[in-house]
$ cat upload24.cif   # mmCIF, C-alpha atoms and all ligand atoms
data_final
#
loop_
_atom_site.label_atom_id
_atom_site.label_comp_id
_atom_site.auth_asym_id
_atom_site.auth_seq_id
_atom_site.Cartn_x
_atom_site.Cartn_y
_atom_site.Cartn_z
CA MET A 1 -76.47 -72.49 -21.37
CA GLU A 2 -74.87 -73.63 -24.60
CA LEU A 3 -75.65 -71.54 -27.65
CA GLU A 4 -75.96 -73.37 -30.93
CA HIS A 5 -72.90 -73.31 -33.13
CA ASP A 6 -71.48 -75.19 -36.09
CA ASP A 7 -67.82 -75.04 -35.19
CA LEU A 8 -65.63 -74.02 -32.28
CA VAL A 9 -62.19 -72.44 -32.35
CA ASP A 10 -60.04 -71.84 -29.31
CA VAL A 11 -57.78 -68.80 -29.51
CA THR A 12 -56.78 -68.73 -25.84
CA ASP A 13 -53.35 -70.15 -26.76
CA VAL A 14 -52.34 -67.24 -29.01
CA VAL A 15 -51.97 -63.47 -28.78
CA CYS A 16 -52.89 -60.54 -31.03
CA PRO A 17 -52.82 -60.52 -34.03
CA ILE A 18 -52.89 -64.33 -34.27
CA THR A 19 -56.14 -64.43 -32.28
CA PHE A 20 -57.82 -62.67 -35.17
CA VAL A 21 -56.02 -64.69 -37.86
CA LYS A 22 -56.98 -67.99 -36.25
CA ALA A 23 -60.60 -66.91 -35.93
CA LYS A 24 -60.65 -65.67 -39.51
CA VAL A 25 -59.25 -68.93 -40.86
CA ALA A 26 -61.83 -70.93 -38.89
CA MET A 27 -64.56 -68.69 -40.23
CA GLU A 28 -63.46 -69.37 -43.81
CA GLU A 29 -64.27 -73.06 -43.32
CA LEU A 30 -67.93 -72.29 -42.62
CA ASP A 31 -70.81 -71.65 -44.97
CA GLU A 32 -72.84 -68.48 -44.98
CA GLY A 33 -75.31 -68.43 -42.09
CA GLN A 34 -73.40 -70.92 -39.94
CA VAL A 35 -72.29 -69.94 -36.46
CA LEU A 36 -68.72 -70.02 -35.17
CA ALA A 37 -67.95 -70.07 -31.47
CA ILE A 38 -64.63 -68.44 -30.62
CA ARG A 39 -63.22 -69.06 -27.15
CA MET A 40 -60.84 -66.31 -26.11
CA ASN A 41 -59.12 -64.88 -23.09
CA ASP A 42 -60.54 -61.97 -21.14
CA GLY A 43 -58.70 -58.68 -21.57
CA GLU A 44 -57.35 -57.57 -24.91
CA PRO A 45 -58.96 -60.33 -27.06
CA ALA A 46 -62.39 -59.79 -25.47
CA GLN A 47 -62.03 -56.05 -26.08
CA ASN A 48 -61.06 -56.37 -29.73
CA VAL A 49 -61.99 -59.66 -31.41
CA PRO A 50 -65.77 -58.96 -31.48
CA ARG A 51 -65.09 -55.63 -33.18
CA SER A 52 -62.77 -57.30 -35.73
CA MET A 53 -65.48 -59.83 -36.60
CA LYS A 54 -67.99 -57.00 -37.03
CA ASP A 55 -65.55 -55.10 -39.26
CA GLU A 56 -65.17 -58.27 -41.36
CA GLY A 57 -68.89 -58.02 -42.02
CA HIS A 58 -70.05 -60.95 -39.86
CA LYS A 59 -72.97 -60.86 -37.44
CA VAL A 60 -71.93 -60.92 -33.80
CA LEU A 61 -74.59 -62.64 -31.69
CA LYS A 62 -73.27 -62.95 -28.17
CA LEU A 63 -70.15 -62.59 -26.08
CA ARG A 64 -70.61 -65.03 -23.25
CA ASP A 65 -68.56 -64.84 -20.07
CA ASN A 66 -67.48 -68.39 -19.16
CA LYS A 67 -66.53 -67.23 -15.64
CA ASP A 68 -63.14 -68.94 -15.91
CA GLY A 69 -61.16 -66.04 -17.37
CA THR A 70 -62.34 -66.85 -20.87
CA LEU A 71 -65.25 -65.71 -23.00
CA THR A 72 -66.93 -67.26 -25.99
CA LEU A 73 -68.01 -65.16 -28.92
CA PHE A 74 -70.77 -66.47 -31.18
CA VAL A 75 -70.65 -65.10 -34.71
CA ARG A 76 -72.85 -65.84 -37.70
CA LYS A 77 -70.99 -65.92 -40.98
CA VAL A 78 -72.04 -63.32 -43.55
CA GLY A 79 -70.80 -63.66 -47.14
CA GLU A 80 -68.68 -66.37 -48.75
CA MET B 1 -30.73 -10.07 -50.44
CA ALA B 2 -29.26 -11.51 -47.27
CA ASP B 3 -32.15 -10.23 -45.18
CA TYR B 4 -31.95 -12.97 -42.58
CA LYS B 5 -35.33 -12.22 -41.01
CA ALA B 6 -37.17 -12.43 -44.33
CA LEU B 7 -35.41 -15.71 -44.95
CA LYS B 8 -36.56 -17.07 -41.66
CA ASN B 9 -40.19 -16.05 -42.17
CA GLY B 10 -40.05 -17.94 -45.41
CA GLY B 11 -38.78 -21.09 -43.75
CA PHE B 12 -35.07 -20.83 -44.55
CA MET B 13 -33.11 -21.61 -41.41
CA ARG B 14 -29.45 -20.92 -40.95
CA GLN B 15 -27.37 -24.04 -40.43
CA ALA B 16 -24.39 -24.69 -38.18
CA GLN B 17 -22.31 -24.34 -41.35
CA LYS B 18 -21.76 -20.78 -42.60
CA ASP B 19 -23.97 -19.73 -45.55
CA LEU B 20 -25.84 -23.02 -45.62
CA PHE B 21 -29.54 -23.18 -44.97
CA SER B 22 -32.17 -25.78 -44.25
CA VAL B 23 -35.45 -25.17 -46.08
CA ARG B 24 -38.57 -25.90 -44.11
CA LEU B 25 -41.51 -27.03 -46.24
CA LYS B 26 -45.16 -26.55 -45.55
CA VAL B 27 -46.83 -29.85 -44.72
CA VAL B 28 -50.37 -30.01 -43.33
CA GLY B 29 -51.44 -32.97 -41.23
CA GLY B 30 -48.41 -34.99 -42.25
CA ASN B 31 -49.80 -35.41 -45.74
CA LEU B 32 -47.93 -35.10 -49.04
CA THR B 33 -48.84 -36.37 -52.49
CA SER B 34 -46.45 -38.61 -54.38
CA GLU B 35 -45.95 -35.75 -56.89
CA GLN B 36 -44.91 -33.43 -54.08
CA LEU B 37 -42.58 -36.07 -52.66
CA ALA B 38 -40.99 -36.67 -56.05
CA GLY B 39 -40.53 -32.91 -56.49
CA ILE B 40 -38.95 -32.57 -53.05
CA ALA B 41 -36.57 -35.44 -53.87
CA GLU B 42 -35.50 -33.74 -57.07
CA ILE B 43 -34.89 -30.40 -55.39
CA ALA B 44 -32.94 -32.00 -52.53
CA LYS B 45 -30.75 -33.67 -55.11
CA GLU B 46 -30.19 -30.56 -57.18
CA TYR B 47 -29.76 -27.94 -54.45
CA GLY B 48 -29.05 -29.85 -51.24
CA ASN B 49 -27.07 -32.97 -50.38
CA SER B 50 -29.70 -35.45 -51.59
CA SER B 51 -31.26 -35.86 -48.19
CA VAL B 52 -34.30 -34.60 -46.34
CA HIS B 53 -34.95 -34.37 -42.64
CA LEU B 54 -38.31 -35.40 -41.20
CA THR B 55 -39.06 -33.17 -38.24
CA SER B 56 -40.74 -34.11 -34.98
CA ARG B 57 -43.87 -32.24 -36.12
CA GLN B 58 -44.46 -33.99 -39.43
CA GLY B 59 -42.48 -31.41 -41.36
CA VAL B 60 -39.96 -31.95 -44.12
CA GLU B 61 -36.75 -29.95 -44.37
CA ILE B 62 -34.19 -29.87 -47.14
CA PRO B 63 -30.81 -29.18 -45.54
CA PHE B 64 -27.50 -27.99 -47.02
CA VAL B 65 -28.83 -25.51 -49.54
CA LYS B 66 -26.88 -22.37 -50.47
CA LEU B 67 -28.03 -18.86 -49.72
CA ALA B 68 -27.53 -17.93 -53.37
CA ASP B 69 -30.06 -20.56 -54.45
CA VAL B 70 -32.91 -19.42 -52.20
CA GLU B 71 -35.02 -17.79 -54.92
CA LYS B 72 -34.45 -20.62 -57.37
CA ILE B 73 -35.46 -23.17 -54.75
CA LYS B 74 -38.64 -21.25 -53.95
CA GLU B 75 -39.55 -21.25 -57.64
CA ALA B 76 -38.72 -24.93 -58.05
CA LEU B 77 -40.80 -25.86 -55.00
CA LYS B 78 -43.73 -23.81 -56.21
CA ALA B 79 -43.64 -25.59 -59.56
CA LYS B 80 -44.00 -28.88 -57.70
CA GLY B 81 -46.94 -27.65 -55.62
CA VAL B 82 -44.91 -27.32 -52.42
CA ASP B 83 -44.86 -24.21 -50.24
CA THR B 84 -42.18 -23.19 -47.79
CA GLY B 85 -43.04 -23.38 -44.12
CA VAL B 86 -42.69 -20.76 -41.43
CA CYS B 87 -40.49 -20.26 -38.40
CA GLY B 88 -40.52 -17.49 -35.82
CA PRO B 89 -43.37 -16.11 -33.70
CA ARG B 90 -46.37 -17.31 -35.63
CA VAL B 91 -48.78 -20.19 -36.14
CA ARG B 92 -46.75 -23.20 -37.26
CA THR B 93 -47.42 -26.43 -39.11
CA VAL B 94 -50.74 -27.98 -38.16
CA THR B 95 -50.15 -31.63 -37.35
CA ALA B 96 -52.66 -34.49 -37.51
CA CYS B 97 -52.92 -38.24 -37.16
CA GLN B 98 -54.71 -40.17 -39.89
CA GLY B 99 -58.10 -39.93 -38.22
CA SER B 100 -61.34 -41.53 -39.34
CA GLY B 101 -60.48 -41.18 -43.03
CA VAL B 102 -57.97 -44.02 -42.62
CA CYS B 103 -57.86 -45.27 -39.03
CA PRO B 104 -60.68 -47.55 -37.79
CA SER B 105 -60.49 -45.99 -34.31
CA GLY B 106 -60.95 -42.45 -35.58
CA CYS B 107 -63.92 -40.41 -34.35
CA ILE B 108 -63.26 -37.34 -36.55
CA ASP B 109 -61.80 -36.74 -39.99
CA THR B 110 -58.55 -35.07 -38.99
CA TYR B 111 -56.99 -34.14 -42.31
CA PRO B 112 -59.73 -31.80 -43.62
CA LEU B 113 -59.84 -30.27 -40.14
CA ALA B 114 -56.07 -29.72 -40.10
CA LEU B 115 -56.34 -28.11 -43.56
CA ALA B 116 -59.16 -25.82 -42.45
CA ILE B 117 -57.18 -24.77 -39.37
CA SER B 118 -54.07 -24.24 -41.45
CA ASN B 119 -55.96 -22.17 -44.03
CA ARG B 120 -57.36 -19.98 -41.31
CA TYR B 121 -54.34 -19.49 -39.06
CA PHE B 122 -51.09 -20.66 -40.68
CA GLY B 123 -48.40 -17.99 -40.44
CA GLN B 124 -50.47 -15.64 -38.26
CA GLU B 125 -48.13 -13.55 -36.10
CA LEU B 126 -48.32 -13.91 -32.33
CA PRO B 127 -46.03 -13.18 -29.37
CA HIS B 128 -44.32 -16.58 -29.87
CA LYS B 129 -44.64 -19.73 -31.95
CA PHE B 130 -48.02 -21.39 -31.77
CA LYS B 131 -48.84 -25.03 -32.52
CA PHE B 132 -52.06 -26.76 -33.39
CA GLY B 133 -52.35 -30.55 -33.33
CA VAL B 134 -55.33 -32.70 -34.29
CA THR B 135 -55.77 -36.29 -33.13
CA GLY B 136 -58.65 -38.51 -34.22
CA CYS B 137 -59.54 -40.19 -30.94
CA VAL B 138 -58.55 -40.59 -27.31
CA ASN B 139 -55.76 -42.99 -28.28
CA ASN B 140 -54.02 -39.67 -28.87
CA CYS B 141 -51.40 -40.81 -31.38
CA LEU B 142 -50.83 -37.17 -32.27
CA LYS B 143 -50.40 -36.16 -28.60
CA ALA B 144 -52.88 -33.28 -28.57
CA GLU B 145 -51.92 -31.94 -25.14
CA GLU B 146 -48.38 -31.01 -26.15
CA ASN B 147 -49.78 -28.34 -28.48
CA ASP B 148 -50.80 -24.75 -27.76
CA ILE B 149 -54.21 -25.82 -29.00
CA GLY B 150 -54.87 -29.54 -29.14
CA ILE B 151 -57.97 -31.02 -30.74
CA LYS B 152 -59.00 -34.58 -30.03
CA GLY B 153 -61.90 -36.42 -31.59
CA GLY B 154 -64.44 -38.16 -29.40
CA TYR B 155 -67.96 -39.54 -29.46
CA LEU B 156 -70.70 -38.48 -27.12
CA VAL B 157 -72.49 -41.80 -26.75
CA GLU B 158 -76.08 -42.79 -26.12
CA TRP B 159 -77.58 -46.27 -25.71
CA ILE B 160 -80.56 -47.04 -27.95
CA GLU B 161 -82.42 -49.66 -25.95
CA PRO B 162 -84.75 -51.07 -28.66
CA GLU B 163 -81.78 -51.95 -30.89
CA CYS B 164 -79.84 -53.79 -28.19
CA ILE B 165 -79.65 -57.60 -28.27
CA MET B 166 -77.74 -57.76 -24.96
CA CYS B 167 -74.81 -59.49 -26.61
CA GLY B 168 -72.39 -58.13 -24.01
CA VAL B 169 -69.77 -56.97 -26.51
CA CYS B 170 -69.77 -53.31 -25.48
CA LEU B 171 -69.36 -54.19 -21.80
CA LYS B 172 -65.95 -55.65 -22.66
CA ALA B 173 -65.04 -53.23 -25.44
CA CYS B 174 -65.22 -50.31 -23.00
CA ARG B 175 -61.79 -50.03 -21.40
CA GLU B 176 -62.88 -47.47 -18.86
CA GLY B 177 -65.29 -49.76 -17.03
CA ALA B 178 -68.02 -47.23 -17.70
CA LEU B 179 -70.62 -49.78 -18.78
CA SER B 180 -72.51 -52.37 -16.83
CA GLU B 181 -75.61 -54.48 -17.29
CA VAL B 182 -78.26 -53.80 -14.69
CA ASP B 183 -81.62 -55.61 -14.88
CA GLY B 184 -81.42 -56.16 -18.61
CA LYS B 185 -80.33 -52.62 -19.37
CA ILE B 186 -76.94 -51.14 -20.20
CA GLU B 187 -75.97 -48.42 -17.76
CA ILE B 188 -73.27 -45.86 -18.39
CA GLU B 189 -71.32 -44.02 -15.72
CA GLU B 190 -70.85 -40.69 -17.45
CA GLU B 191 -67.93 -39.62 -15.28
CA LYS B 192 -65.91 -42.67 -16.34
CA CYS B 193 -66.64 -42.30 -20.07
CA ASN B 194 -63.71 -40.82 -22.01
CA ASN B 195 -65.62 -40.55 -25.33
CA CYS B 196 -63.43 -43.19 -27.00
CA GLY B 197 -66.34 -44.49 -29.08
CA ARG B 198 -65.34 -48.15 -28.71
CA CYS B 199 -68.88 -49.11 -27.65
CA VAL B 200 -70.29 -47.53 -30.82
CA LYS B 201 -67.71 -49.16 -33.06
CA SER B 202 -68.03 -52.63 -31.60
CA CYS B 203 -71.81 -52.91 -31.25
CA PRO B 204 -73.18 -55.37 -33.82
CA THR B 205 -76.64 -53.78 -33.96
CA ASP B 206 -76.00 -50.02 -33.88
CA ALA B 207 -77.50 -49.85 -30.42
CA TRP B 208 -75.06 -47.08 -29.56
CA LYS B 209 -75.38 -43.68 -31.13
CA GLY B 210 -72.15 -41.73 -31.25
CA THR B 211 -72.13 -38.00 -31.94
CA PRO B 212 -68.66 -36.90 -33.04
CA GLY B 213 -67.11 -33.95 -31.29
CA TYR B 214 -63.92 -32.07 -30.56
CA ILE B 215 -62.18 -32.09 -27.20
CA MET B 216 -59.96 -29.01 -27.02
CA SER B 217 -56.92 -28.52 -24.81
CA PHE B 218 -55.10 -25.23 -24.31
CA ALA B 219 -51.60 -24.00 -23.60
CA GLY B 220 -49.67 -27.22 -23.84
CA THR B 221 -45.94 -26.89 -24.37
CA PHE B 222 -43.23 -29.44 -24.86
CA GLY B 223 -39.87 -27.76 -25.25
CA ASN B 224 -37.44 -26.56 -22.62
CA LYS B 225 -40.51 -26.20 -20.40
CA MET B 226 -43.08 -28.94 -20.41
CA ALA B 227 -46.75 -28.82 -19.47
CA PHE B 228 -49.86 -30.56 -20.72
CA GLY B 229 -52.59 -28.60 -22.41
CA VAL B 230 -55.65 -28.17 -20.21
CA ARG B 231 -59.25 -28.84 -21.07
CA VAL B 232 -61.50 -26.01 -19.94
CA LEU B 233 -64.62 -26.59 -22.07
CA PRO B 234 -67.11 -29.40 -22.74
CA ILE B 235 -66.89 -31.42 -25.95
CA ILE B 236 -67.69 -29.23 -28.98
CA HIS B 237 -69.80 -30.50 -31.87
CA ASP B 238 -69.33 -28.09 -34.73
CA LEU B 239 -66.51 -26.50 -36.63
CA GLU B 240 -67.83 -22.97 -36.32
CA THR B 241 -67.75 -23.13 -32.53
CA LEU B 242 -64.26 -24.62 -32.66
CA PHE B 243 -63.09 -21.70 -34.79
CA LYS B 244 -64.73 -19.07 -32.59
CA ILE B 245 -63.02 -20.52 -29.55
CA SER B 246 -59.68 -20.77 -31.36
CA ASP B 247 -60.07 -17.14 -32.51
CA ALA B 248 -60.68 -16.14 -28.90
CA ALA B 249 -57.61 -18.08 -27.70
CA LEU B 250 -55.37 -16.41 -30.29
CA ASP B 251 -56.88 -12.99 -29.48
CA TYR B 252 -56.16 -13.62 -25.81
CA PHE B 253 -52.56 -14.50 -26.61
CA SER B 254 -52.10 -11.42 -28.84
CA LYS B 255 -53.55 -9.19 -26.16
CA TYR B 256 -52.00 -10.60 -23.00
CA GLY B 257 -48.83 -12.33 -24.19
CA LYS B 258 -45.47 -10.53 -24.06
CA PRO B 259 -43.21 -10.80 -27.08
CA GLY B 260 -41.12 -13.95 -26.76
CA GLU B 261 -43.45 -15.54 -24.25
CA ARG B 262 -45.15 -18.86 -24.99
CA PHE B 263 -48.91 -19.20 -24.72
CA ARG B 264 -48.56 -21.31 -21.57
CA ALA B 265 -46.44 -18.69 -19.84
CA ALA B 266 -48.88 -15.94 -20.84
CA VAL B 267 -51.85 -17.86 -19.45
CA GLU B 268 -50.02 -18.65 -16.21
CA ARG B 269 -48.78 -15.10 -15.72
CA ASN B 270 -52.24 -13.62 -16.33
CA GLY B 271 -54.04 -16.38 -14.48
CA TRP B 272 -56.01 -19.41 -15.61
CA ASP B 273 -59.23 -17.94 -14.22
CA GLY B 274 -59.28 -15.07 -16.67
CA PHE B 275 -58.29 -17.30 -19.56
CA THR B 276 -60.93 -19.88 -18.72
CA LYS B 277 -63.56 -17.15 -18.50
CA ALA B 278 -62.54 -15.84 -21.92
CA MET B 279 -62.87 -19.33 -23.41
CA GLU B 280 -66.21 -19.92 -21.70
CA LYS B 281 -67.47 -16.61 -23.02
CA ALA B 282 -66.47 -17.52 -26.59
CA TYR B 283 -68.10 -20.91 -26.14
CA GLU B 284 -71.37 -19.41 -24.87
CA GLU B 285 -71.40 -16.83 -27.66
CA ALA B 286 -70.82 -19.47 -30.29
CA LEU B 287 -73.64 -21.60 -28.89
CA ASN B 288 -76.03 -18.66 -28.76
CA GLY B 289 -74.97 -17.41 -32.16
CA THR B 290 -73.92 -14.03 -30.76
CA GLY B 291 -70.60 -12.22 -30.70
CA ALA B 292 -68.24 -11.49 -33.58
S1 LIG A 301 -55.36 -41.03 -32.47
FE1 LIG A 301 -57.02 -42.47 -32.89
S2 LIG A 301 -57.69 -41.94 -34.96
FE2 LIG A 301 -55.66 -41.04 -34.69
S3 LIG A 301 -54.25 -42.60 -35.51
FE3 LIG A 301 -54.41 -42.90 -33.29
S4 LIG A 301 -55.98 -44.45 -33.05
FE4 LIG A 301 -56.21 -43.62 -35.11
S1 LIG A 302 -67.31 -44.07 -25.34
FE1 LIG A 302 -65.65 -45.39 -24.64
S2 LIG A 302 -65.48 -44.96 -22.46
FE2 LIG A 302 -67.47 -44.16 -23.12
S3 LIG A 302 -68.88 -45.85 -22.68
FE3 LIG A 302 -68.24 -46.06 -24.84
S4 LIG A 302 -66.51 -47.47 -24.75
FE4 LIG A 302 -66.83 -46.73 -22.66
S1 LIG A 303 -72.82 -54.21 -28.00
FE1 LIG A 303 -74.75 -53.30 -28.67
S2 LIG A 303 -76.17 -54.99 -28.77
FE2 LIG A 303 -74.42 -55.70 -27.60
S3 LIG A 303 -74.98 -55.29 -25.48
FE3 LIG A 303 -73.88 -53.52 -26.17
S4 LIG A 303 -75.45 -52.13 -26.90
FE4 LIG A 303 -76.39 -54.11 -26.75
#

$ encode --input "upload24.cif" --output "structure tokens"
Amino acid sequence: MELEHDDLVDVTDVVCPITFVKAKVAMEELDEGQVLAIRMNDGEPAQNVPRSMKDEGHKVLKLRDNKDGTLTLFVRKVGE
Amino acid sequence: MADYKALKNGGFMRQAQKDLFSVRLKVVGGNLTSEQLAGIAEIAKEYGNSSVHLTSRQGVEIPFVKLADVEKIKEALKAKGVDTGVCGPRVRTVTACQGSGVCPSGCIDTYPLALAISNRYFGQELPHKFKFGVTGCVNNCLKAEENDIGIKGGYLVEWIEPECIMCGVCLKACREGALSEVDGKIEIEEEKCNNCGRCVKSCPTDAWKGTPGYIMSFAGTFGNKMAFGVRVLPIIHDLETLFKISDAALDYFSKYGKPGERFRAAVERNGWDGFTKAMEKAYEEALNGTGA
């Protein structure tokens, strides 16, 4: 199943705290209400990135397990 | 004047160098205002050697002060809103991490708690020194179990099914593997849950309810003998109960500890069974609103 999204960012090539920075920068490109898909590694990023997006005030929709050691987080942008 | 014991009670500790003292200051929860810090800096410059020492338990000491200046230093500190600390066989500095007031992981507000504990017990005489430490969550930055009484914040968590959108975030946020999805429901294995609160904090829809509480550990020690504090009670949800239990632990130590014996040694010599029973009794009484 592919959830609808407006942009995709891959943070599997970086580690904390760049995972968050990269996701945040990608989010800044979007308009309010658009959805960003963030592909991340299992483990530490999957434990923490969703929480960081929530703390930034965005709406987390789904953390999907891609069954290949990565997960994709779908987040709706809140605020400019 | 040179009553050494009185000096020590007041936080003046003899140095390796004859007639020089290190002044221990009272710091609660590792917190000082900028005014206090500026005052301490001034006093260290005027009466010491322009340095301070930061102790392993969040204390501040001004070394290299002269015996003759003790009274003047006390006055000067007082004027800057700083008290002297204590040494010897009594309740020492109450330490704390930043807790929920500052740290996003925090489950309890540690600083007001450290202050309340300090106001109630600081300086109280006991068979030996006695340390309280408060840490805001199970990450345990303040290392609760190395204290005579350690207090750790935690959440008792509960899943609120109607709020859940099955996003899957909490399943990953939980580091203990306590959560799983079974037939469209989130199931929690209580025995794996360590009350970290990560599920509550990461859930985008408030589908986890977290009730803050205190996890107490007793008789930890980390000096020439080392032993972790032991948890003998369930998570506690109110301050009054925490105080009644702490009162009971200090009473136990006063009653059964020999002079010069640490809390740990007293509990081990008299037996954990008796100590645990005493704590359970205080806990029950606090819950039922009976007892002193
Ligand atoms: S113990 Fe928890 S609340 Fe305290 S500083 Fe560490 S992470 Fe933050
Ligand atoms: S409180 Fe922590 S350990 Fe318990 S279920 Fe939530 S995330 Fe897992
Ligand atoms: S994080 Fe919240 S909404 Fe998402 S699955 Fe867990 S309980 Fe449900």

$ closest_residue --input "upload24.cif" --among "B:Asp273, B:Glu176, B:Asp19, B:Glu280" --to "Gly197 of chain B" --atoms "only C-alpha atoms"
B:Glu176

$ closest_residue --input "upload24.cif" --among "B:Val102, B:Cys97, B:Leu115, B:Ala173" --to "ligand LIG 301 (chain A)" --atoms "all atoms listed in the file"
B:Cys97

$ residues_near_point --input "upload24.cif" --point "(-66.8, -63.7, -41.3)" --cutoff "8 Å" --atoms "all atoms listed in the file" --output "list in words"
Lys24, Met27, Glu28, Met53, Glu56, Gly57, His58, Lys59, Val75, Arg76, Lys77, Val78 and Gly79 of chain A

$ closest_residue --input "upload24.cif" --among "A:Leu61, A:Val49, A:Ala26, A:Val14" --to "chain B" --atoms "only C-alpha atoms"
A:Leu61

$ residues_near_ligand --input "upload24.cif" --ligand "ligand LIG 302 (chain A)" --cutoff "7 Å" --atoms "only C-alpha atoms and all ligand atoms" --output "PyMOL selection string"
chain B and resi 155-157+170+173-179+188+192-200

$ interface_residues --input "upload24.cif" --of "chain A" --to "chain B" --cutoff "7 Å" --atoms "all atoms listed in the file" --output "PyMOL selection string"
chain A and resi 46-48+50-51+54+59-63

$ closest_atom_pairs --input "upload24.cif" --of "segment 88-111 of chain B" --to "segment 234-253 of chain B" --cutoff "12 Å" --atoms "all atoms listed in the file" --output "CSV"
residue,atom,partner,partner_atom,distance
B:Pro89,CA,B:Phe253,CA,11.7
B:Arg90,CA,B:Leu250,CA,10.5
B:Val91,CA,B:Leu250,CA,9.6
B:Cys107,CA,B:His237,CA,11.8
B:Ile108,CA,B:His237,CA,10.6
B:Asp109,CA,B:Leu239,CA,11.8
B:Thr110,CA,B:Leu239,CA,11.9

$ write_last_selection --input "upload24.cif" --atoms "C-alpha atoms" --output "PDB file, in the frame of the given file"
ATOM      1  CA  PRO B  89     -43.370 -16.110 -33.700  1.00  0.00           C
ATOM      2  CA  ARG B  90     -46.370 -17.310 -35.630  1.00  0.00           C
ATOM      3  CA  VAL B  91     -48.780 -20.190 -36.140  1.00  0.00           C
ATOM      4  CA  CYS B 107     -63.920 -40.410 -34.350  1.00  0.00           C
ATOM      5  CA  ILE B 108     -63.260 -37.340 -36.550  1.00  0.00           C
ATOM      6  CA  ASP B 109     -61.800 -36.740 -39.990  1.00  0.00           C
ATOM      7  CA  THR B 110     -58.550 -35.070 -38.990  1.00  0.00           C
TER       8      THR B 110
END

$ closest_residue --input "upload24.cif" --among "A:Ser52, A:Asp7, A:Asn66, A:Gly33" --to "Val21 of chain A" --atoms "all atoms listed in the file"
A:Ser52

$ atom_distance --input "upload24.cif" --atom1 "atom CA of Asp65 of chain A" --atom2 "atom CA of Glu158 of chain B"
24.1 Å

$ axis_aligned_box --input "upload24.cif" --around "ligand LIG 303 (chain A)" --padding-each-side "6 Å" --output "AutoDock Vina command-line options"
--center_x -74.6 --center_y -53.9 --center_z -27.1 --size_x 15.6 --size_y 15.6 --size_z 15.3

$ residues_around --input "upload24.cif" --residues "Leu32 of chain B" --least-positions-apart "5" --cutoff "12 Å" --atoms "all atoms listed in the file" --output "PDB file with C-alpha atoms, keeping the file's coordinate frame"
ATOM      1  CA  LEU B  25     -41.510 -27.030 -46.240  1.00  0.00           C
ATOM      2  CA  LYS B  26     -45.160 -26.550 -45.550  1.00  0.00           C
ATOM      3  CA  VAL B  27     -46.830 -29.850 -44.720  1.00  0.00           C
ATOM      4  CA  LEU B  37     -42.580 -36.070 -52.660  1.00  0.00           C
ATOM      5  CA  ALA B  38     -40.990 -36.670 -56.050  1.00  0.00           C
ATOM      6  CA  GLY B  39     -40.530 -32.910 -56.490  1.00  0.00           C
ATOM      7  CA  ILE B  40     -38.950 -32.570 -53.050  1.00  0.00           C
ATOM      8  CA  GLN B  58     -44.460 -33.990 -39.430  1.00  0.00           C
ATOM      9  CA  GLY B  59     -42.480 -31.410 -41.360  1.00  0.00           C
ATOM     10  CA  VAL B  60     -39.960 -31.950 -44.120  1.00  0.00           C
ATOM     11  CA  LYS B  80     -44.000 -28.880 -57.700  1.00  0.00           C
ATOM     12  CA  GLY B  81     -46.940 -27.650 -55.620  1.00  0.00           C
ATOM     13  CA  VAL B  82     -44.910 -27.320 -52.420  1.00  0.00           C
ATOM     14  CA  ASP B  83     -44.860 -24.210 -50.240  1.00  0.00           C
ATOM     15  CA  TYR B 111     -56.990 -34.140 -42.310  1.00  0.00           C
TER      16      TYR B 111
END

$ residues_near_ligand --input "upload24.cif" --ligand "ligand LIG 301 (chain A)" --cutoff "10 Å" --atoms "all atoms listed in the file" --output "PyMOL selection string"
chain B and resi 96-110+134-144+152-154+196

$ atom_distance --input "upload24.cif" --atom1 "atom CA of Asp10 of chain A" --atom2 "atom CA of Met40 of chain A"
6.4 Å

$ residues_around --input "upload24.cif" --residues "Val23 of chain B" --least-positions-apart "2" --cutoff "8 Å" --atoms "only C-alpha atoms" --output "PyMOL selection string"
chain B and resi 11-13+21+25+61-63+65+84

$ atom_distance --input "upload24.cif" --atom1 "atom CA of Gly29 of chain B" --atom2 "atom CA of Asn119 of chain B"
12.0 Å

$ closest_residue --input "upload24.cif" --among "A:Val9, A:Cys16, A:Leu3, A:Leu71" --to "Glu29 of chain A" --atoms "all atoms listed in the file"
A:Val9

$ closest_residue --input "upload24.cif" --among "A:Arg64, A:Gly69, A:Glu32, A:Gly43" --to "ligand LIG 303 (chain A)" --atoms "all atoms listed in the file"
A:Arg64

$ residues_around --input "upload24.cif" --residues "Leu8 of chain A" --least-positions-apart "5" --cutoff "7 Å" --atoms "all atoms listed in the file" --output "list in words"
Leu36, Ala37 and Ile38 of chain A

$ residues_around --input "upload24.cif" --residues "Pro45 of chain A" --least-positions-apart "6" --cutoff "9 Å" --atoms "only C-alpha atoms" --output "list in words"
Val11, Thr12, Val15, Cys16, Thr19 and Phe20 of chain A
